[in-house]
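Next comes start27.cif, a file with mmCIF, C-alpha atoms.
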```cif
data_upload
#
loop_
_atom_site.label_atom_id
_atom_site.label_comp_id
_atom_site.auth_asym_id
_atom_site.auth_seq_id
_atom_site.Cartn_x
_atom_site.Cartn_y
_atom_site.Cartn_z
CA MET A 28 -53.39 80.03 83.89
CA THR A 29 -50.85 77.99 81.95
CA ALA A 30 -50.39 78.19 78.14
CA ALA A 31 -51.26 75.18 76.01
CA PRO A 32 -48.32 73.31 74.40
CA PRO A 33 -47.79 73.99 70.75
CA VAL A 34 -49.24 71.53 68.30
CA SER A 35 -46.53 69.78 66.17
CA ARG A 36 -47.18 69.97 62.45
CA PRO A 37 -45.67 67.49 59.93
CA ARG A 38 -42.83 68.81 57.90
CA ARG A 39 -43.30 69.30 54.16
CA TYR A 40 -40.43 68.44 51.88
CA ARG A 41 -40.36 70.44 48.68
CA ILE A 42 -39.11 68.69 45.57
CA PRO A 43 -37.23 71.00 43.26
CA LEU A 44 -39.01 71.87 40.10
CA ALA A 45 -36.09 70.91 37.90
CA MET A 46 -36.04 67.40 39.29
CA THR A 47 -39.75 67.08 38.74
CA ALA A 48 -39.41 68.21 35.16
CA CYS A 49 -36.55 65.75 34.57
CA VAL A 50 -38.58 62.84 35.89
CA CYS A 51 -41.56 63.79 33.78
CA LEU A 52 -39.45 64.12 30.63
CA THR A 53 -37.87 60.73 31.27
CA ILE A 54 -41.26 59.06 31.63
CA LEU A 55 -42.54 60.85 28.57
CA SER A 56 -39.54 59.88 26.44
CA VAL A 57 -39.83 56.23 27.48
CA PHE A 58 -43.51 56.31 26.58
CA LEU A 59 -42.94 57.93 23.20
CA LEU A 60 -39.97 55.78 22.19
CA ALA A 61 -41.51 52.49 23.28
CA ASN A 62 -42.74 49.97 20.68
CA ASP A 63 -40.29 51.17 18.02
CA LYS A 64 -41.39 54.87 18.42
CA ARG A 65 -44.98 54.07 17.65
CA HIS A 66 -46.44 56.67 20.08
CA LEU A 67 -44.04 59.34 18.85
CA ARG A 68 -45.08 58.72 15.25
CA SER A 69 -48.74 58.89 16.22
CA LEU A 70 -48.16 62.23 18.00
CA LEU A 71 -46.28 63.70 15.02
CA ALA A 72 -48.97 62.50 12.63
CA TYR A 73 -51.61 64.14 14.84
CA TYR A 74 -49.82 67.49 14.54
CA ASN A 75 -49.08 66.84 10.81
CA VAL A 76 -45.31 66.83 11.26
CA ALA A 77 -44.70 63.13 10.59
CA HIS A 78 -42.37 63.98 7.65
CA TRP A 79 -39.64 64.81 10.18
CA MET A 80 -39.25 61.12 11.02
CA PRO A 81 -38.06 58.54 8.46
CA SER A 82 -40.68 56.01 7.43
CA GLN A 83 -40.63 52.51 8.84
CA ALA A 84 -40.10 51.01 5.35
CA ASN A 85 -36.99 53.11 4.78
CA VAL A 86 -35.59 52.13 8.17
CA LYS A 87 -36.10 48.42 7.42
CA LYS A 88 -34.60 48.88 3.95
CA GLU A 89 -31.53 50.58 5.40
CA ARG A 90 -31.10 47.78 7.90
CA ALA A 91 -31.51 45.10 5.28
CA SER A 92 -29.11 46.55 2.68
CA PRO A 93 -25.46 46.43 3.78
CA THR A 94 -23.19 49.36 3.15
CA THR A 95 -20.80 47.31 1.01
CA PRO A 96 -22.31 44.57 -1.20
CA ARG A 97 -20.80 41.12 -0.66
CA LYS A 98 -19.64 39.19 -3.65
CA LYS A 99 -20.35 35.49 -3.77
CA PRO A 100 -17.07 33.60 -4.07
CA SER A 101 -16.64 31.89 -7.38
CA ALA A 102 -16.32 28.11 -7.42
CA ALA A 103 -12.78 26.77 -7.76
CA VAL A 104 -12.04 24.99 -11.02
CA VAL A 105 -10.07 21.73 -10.67
CA THR A 106 -8.84 19.93 -13.77
CA ILE A 107 -8.47 16.14 -13.41
CA PRO A 108 -6.55 14.25 -16.12
CA VAL A 109 -8.63 11.72 -17.97
CA ARG A 110 -6.04 8.98 -17.34
CA LEU A 111 -6.78 9.14 -13.59
CA LEU A 112 -10.47 8.42 -14.14
CA SER A 113 -10.11 5.76 -16.79
CA SER A 114 -9.78 2.10 -15.82
CA PRO A 115 -6.35 0.52 -16.34
CA ASN A 116 -5.69 -1.43 -19.48
CA VAL A 117 -5.45 -5.03 -18.29
CA SER A 118 -3.51 -6.07 -21.40
CA THR A 119 -0.57 -3.83 -20.43
CA LEU A 120 -0.20 -4.76 -16.75
CA SER A 121 3.14 -6.24 -15.69
CA ALA A 122 4.66 -7.81 -12.58
CA PHE A 123 8.01 -8.29 -10.88
CA VAL A 124 9.86 -11.31 -12.25
CA ARG A 125 13.36 -12.64 -11.82
CA GLU A 126 15.45 -15.10 -13.73
CA LEU A 127 18.41 -17.39 -13.13
CA ARG A 128 21.07 -14.78 -13.79
CA VAL A 129 23.92 -17.25 -13.49
CA SER A 130 26.17 -18.81 -16.10
CA GLY A 131 25.59 -22.50 -16.67
CA PRO A 132 29.29 -23.42 -16.98
CA GLU A 133 30.18 -21.49 -13.81
CA LEU A 134 27.35 -23.09 -11.82
CA CYS A 135 28.38 -26.52 -13.07
CA ARG A 136 31.99 -26.02 -11.96
CA ALA A 137 30.91 -24.65 -8.56
CA LEU A 138 28.66 -27.65 -7.83
CA SER A 139 31.29 -30.14 -8.96
CA ARG A 140 33.54 -28.93 -6.13
CA VAL A 141 31.08 -30.23 -3.52
CA GLU A 142 32.49 -33.23 -1.71
CA GLY A 143 31.27 -36.46 -3.26
CA PHE A 144 30.70 -35.14 -6.81
CA PRO A 145 33.12 -35.68 -9.69
CA GLU A 146 35.31 -32.64 -10.32
CA GLY A 147 35.42 -30.79 -13.62
CA GLY A 148 31.75 -30.89 -14.60
CA SER A 149 31.26 -29.68 -18.17
CA TRP A 150 28.53 -27.72 -19.96
CA MET A 151 27.59 -29.92 -22.91
CA VAL A 152 24.99 -29.94 -25.65
CA ASP A 153 22.02 -32.24 -25.18
CA PRO A 154 22.39 -35.17 -27.62
CA PHE A 155 18.65 -35.13 -28.31
CA ASP A 156 18.18 -31.35 -28.63
CA HIS A 157 20.98 -29.16 -30.03
CA GLN A 158 19.25 -26.01 -28.80
CA ARG A 159 19.61 -27.12 -25.18
CA PHE A 160 22.71 -27.51 -23.04
CA GLU A 161 23.05 -29.28 -19.74
CA CYS A 162 25.39 -30.28 -16.95
CA GLN A 163 24.91 -33.53 -15.04
CA LEU A 164 26.61 -34.53 -11.78
CA LEU A 165 26.12 -37.80 -9.94
CA SER A 166 27.32 -38.78 -6.48
CA ASP A 167 26.81 -42.37 -5.33
CA PHE A 168 26.35 -42.81 -1.57
CA GLY A 169 25.42 -46.50 -1.62
CA VAL A 170 28.45 -47.76 0.29
CA SER A 171 26.93 -50.76 2.07
CA GLU A 172 24.66 -53.70 1.35
CA ALA A 173 21.94 -52.10 3.54
CA ASP A 174 22.09 -48.92 1.45
CA PRO A 175 23.09 -49.83 -2.10
CA VAL A 176 21.11 -47.23 -4.08
CA SER A 177 21.40 -43.90 -2.23
CA SER A 178 22.58 -41.13 -4.55
CA VAL A 179 22.36 -37.42 -5.36
CA PHE A 180 21.97 -36.43 -9.02
CA ILE A 181 22.19 -32.80 -10.25
CA ASP A 182 20.82 -31.82 -13.65
CA ILE A 183 21.25 -28.21 -14.89
CA LYS A 184 19.50 -27.22 -18.13
CA GLY A 185 19.97 -24.08 -20.22
CA ASP A 186 20.58 -22.68 -23.69
CA PRO A 187 23.66 -22.40 -25.94
CA ASP A 188 24.43 -18.93 -24.53
CA GLY A 189 24.92 -20.41 -21.06
CA ALA A 190 21.68 -19.07 -19.54
CA VAL A 191 20.27 -21.46 -16.94
CA LYS A 192 16.58 -22.34 -17.23
CA SER A 193 16.16 -24.89 -14.44
CA VAL A 194 18.09 -26.88 -11.84
CA ARG A 195 16.99 -30.30 -10.59
CA ILE A 196 18.54 -32.23 -7.73
CA LYS A 197 17.30 -35.80 -7.45
CA ILE A 198 17.72 -37.60 -4.11
CA LYS A 199 17.52 -41.37 -4.12
CA THR A 200 17.23 -42.98 -0.69
CA ALA A 201 17.00 -46.51 0.67
CA SER A 202 14.94 -45.48 3.69
CA ALA A 203 12.79 -42.63 4.96
CA THR A 204 15.82 -41.11 6.73
CA LEU A 205 18.65 -39.46 4.82
CA SER A 206 22.20 -40.37 5.71
CA PRO A 207 24.48 -37.58 7.06
CA ALA A 208 26.58 -37.74 3.86
CA ILE A 209 23.53 -37.12 1.65
CA VAL A 210 22.26 -34.30 3.88
CA SER A 211 25.70 -32.65 3.76
CA ALA A 212 25.99 -32.90 -0.04
CA LEU A 213 22.40 -31.73 -0.55
CA THR A 214 22.74 -28.77 1.83
CA LYS A 215 26.07 -27.60 0.36
CA SER A 216 24.69 -27.85 -3.19
CA TYR A 217 21.63 -25.83 -2.29
CA ARG A 218 23.72 -23.12 -0.59
CA ILE A 219 25.82 -22.79 -3.73
CA LEU A 220 22.62 -22.33 -5.73
CA ILE A 221 21.46 -19.55 -3.39
CA GLU A 222 24.85 -17.83 -3.60
CA GLN A 223 24.98 -18.05 -7.39
CA THR A 224 21.40 -16.91 -7.99
CA ARG A 225 21.36 -14.42 -5.08
CA TRP A 226 17.84 -15.52 -4.19
CA THR A 227 18.42 -15.08 -0.48
CA ASP A 228 14.69 -15.15 0.32
CA PHE A 229 14.75 -18.90 -0.53
CA GLU A 230 17.58 -19.60 1.89
CA ALA A 231 15.09 -20.71 4.57
CA ALA A 232 14.26 -23.79 2.46
CA SER A 233 17.59 -25.38 3.43
CA SER A 234 16.09 -26.28 6.83
CA PHE A 235 13.58 -28.62 5.08
CA LEU A 236 16.22 -30.68 3.28
CA ALA A 237 17.36 -32.76 6.27
CA SER A 238 14.06 -34.65 6.32
CA PRO A 239 12.61 -35.20 2.84
CA LYS A 240 9.12 -33.74 3.05
CA PRO A 241 7.46 -32.03 0.07
CA PHE A 242 7.31 -28.23 0.18
CA ASN A 243 6.98 -25.33 -2.25
CA MET A 244 8.13 -21.71 -2.11
CA ASP A 245 7.10 -19.32 -4.88
CA ALA A 246 7.87 -15.60 -5.16
CA PHE A 247 8.39 -13.06 -7.96
CA GLY A 248 8.43 -15.49 -10.86
CA ALA A 249 10.71 -18.11 -9.27
CA SER A 250 10.13 -21.19 -7.16
CA VAL A 251 11.92 -23.77 -5.04
CA SER A 252 10.06 -27.04 -4.46
CA LEU A 253 10.75 -30.54 -3.17
CA GLN A 254 8.47 -33.18 -4.71
CA GLN A 255 8.19 -36.89 -4.16
CA GLU A 256 8.13 -39.04 -7.28
CA ARG A 257 4.79 -40.67 -7.88
CA PHE A 258 6.01 -44.15 -8.74
CA ASP A 259 9.10 -44.14 -6.53
CA PRO A 260 8.31 -43.01 -2.96
CA GLU A 261 12.02 -43.24 -2.03
CA SER A 262 13.01 -40.59 -4.60
CA PHE A 263 12.66 -36.83 -4.27
CA ASN A 264 13.30 -34.00 -6.73
CA LEU A 265 14.37 -30.53 -5.68
CA PHE A 266 13.49 -28.02 -8.42
CA VAL A 267 14.87 -24.49 -8.69
CA LYS A 268 13.35 -22.74 -11.71
CA GLU A 269 11.59 -19.75 -13.15
CA THR A 270 7.80 -19.78 -12.98
CA GLU A 271 4.96 -17.90 -14.65
CA SER A 272 2.00 -18.16 -12.33
CA SER A 273 0.09 -15.14 -13.64
CA ALA A 274 -0.65 -13.40 -16.93
CA GLU A 275 1.30 -10.33 -15.78
CA GLN A 276 4.44 -12.41 -15.17
CA LYS A 277 4.12 -14.11 -18.55
CA ARG A 278 3.72 -10.73 -20.25
CA THR A 279 6.75 -9.27 -18.47
CA ARG A 280 8.98 -12.26 -19.18
CA HIS A 281 7.95 -12.27 -22.84
CA PHE A 282 8.82 -8.57 -23.09
CA PHE A 283 12.35 -9.05 -21.75
CA ASP A 284 12.89 -12.21 -23.81
CA GLN A 285 12.62 -10.26 -27.05
CA PRO A 286 15.79 -10.42 -29.20
CA VAL A 287 16.42 -6.66 -28.91
CA LEU A 288 16.43 -6.80 -25.07
CA GLN A 289 18.39 -10.02 -24.65
CA ARG A 290 21.77 -9.82 -22.99
CA PRO A 291 24.83 -9.87 -25.30
#
```

Let me see whether you can do it: turn the structure in this file into structure tokens.
Amino acid sequence: MTAAPPVSRPRRYRIPLAMTACVCLTILSVFLLANDKRHLRSLLAYYNVAHWMPSQANVKKERASPTTPRKKPSAAVVTIPVRLLSSPNVSTLSAFVRELRVSGPELCRALSRVEGFPEGGSWMVDPFDHQRFECQLLSDFGVSEADPVSSVFIDIKGDPDGAVKSVRIKIKTASATLSPAIVSALTKSYRILIEQTRWTDFEAASSFLASPKPFNMDAFGASVSLQQERFDPESFNLFVKETESSAEQKRTRHFFDQPVLQRP
């Protein structure tokens, strides 16, 4: 008679007690500390030992109050001068102006050396106004019957001290086209004016003198203009003079024209 085979039994794994206790404590601590320690506080209150834990109000107060109080930065004080906020006084505004800083006698002698003009031009008193001096130069270019009236006339006006106030060059033509001799005399005279006055920004006007067409250039209280005479369409006047196109320029020129500031 054969023996029956042994019956296999499932193995039992034993979990150590320490591990079991650790797992239980972990679950318990998570449960008690959840929801901002609400369950722990309830348990301590049940056993009347809630005074061991700080109250929720104190915890919130500690969180809200910083350890070191912050000081609010004070506003910076900026002082602005009153003159920067006030509107400018219009009655004291000035502008850049220039004047004919050239001696009348010297300019007269320089222009008289241009070919075609009489040499030795003189600075003489005006017979009708003793407070005004002038220099007049005339060059006649009417050398043929077809062109009997062509001429260039220069008139410089100033004061007894020799200060020049205005220069006028009158061109008389017999036709709409200027002769080469007139263009040469007119161009050389104008270049001498630019050199004497040092108004180099008006030098570009010399290109308009070959064909007599009216133009005007004005800058910093001075002007150069070529104008056609109203009643004589064959006559043109080239003016070089000081101008006062604004109140600021008038105010500035009046200030420097005072006797104390006048040149010796």

| Matched chain/residue IDs from the PyMOL selection byres ((chain A and resi 234) around 12), as a PyMOL selection string | chain A and resi 210-211+213-215+217-218+229-233+235-240+242

| said: One number please: atom CA of A:Phe266 to atom CA of A:Arg278, in Å, one decimal. | reply: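 If I compute the distance from atom CA of A:Phe266 to atom CA of A:Arg278, I get 23.1 Å.
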
| request: Return as a PyMOL selection string the set of residues that the PyMOL selection byres ((chain A and resi 247) around 6) yields on the displayed structure. | output: chain A and resi 123-124+246+248-249

Take the residues that were just selected and, keeping C-alpha atoms, output them as a PDB file, in the coordinates of the input.
```
ATOM      1  CA  PHE A 123       8.010  -8.290 -10.880  1.00  0.00           C
ATOM      2  CA  VAL A 124       9.860 -11.310 -12.250  1.00  0.00           C
ATOM      3  CA  ALA A 246       7.870 -15.600  -5.160  1.00  0.00           C
ATOM      4  CA  GLY A 248       8.430 -15.490 -10.860  1.00  0.00           C
ATOM      5  CA  ALA A 249      10.710 -18.110  -9.270  1.00  0.00           C
TER       6      ALA A 249
END
```

| said: With the PyMOL selection byres ((chain A and resi 183) around 8) as the selection, what would be picked from this file? Answer as a list in words, please. | reply: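 What the PyMOL selection byres ((chain A and resi 183) around 8) grabs from the file is Gly131, Cys135, Glu161, Cys162, Gln163, Ile181, Asp182, Lys184, Gly185, Val191, Lys192, Ser193, Val194 and Arg195 of chain A.
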
| task | Work out how far apart atom CA of A:Asp188 and atom CA of A:Asp228 are and give it in Å to one decimal. | result |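 Atom CA of A:Asp228 lies at a distance of 27.0 Å from atom CA of A:Asp188.
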
| From the list A:Asn243, A:Thr47, A:Gln158, A:Asn264, which residue is nearest A:Ile198 when using all atoms listed in the file? |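 Using all atoms listed in the file, A:Ile198 sits closest to A:Asn264.
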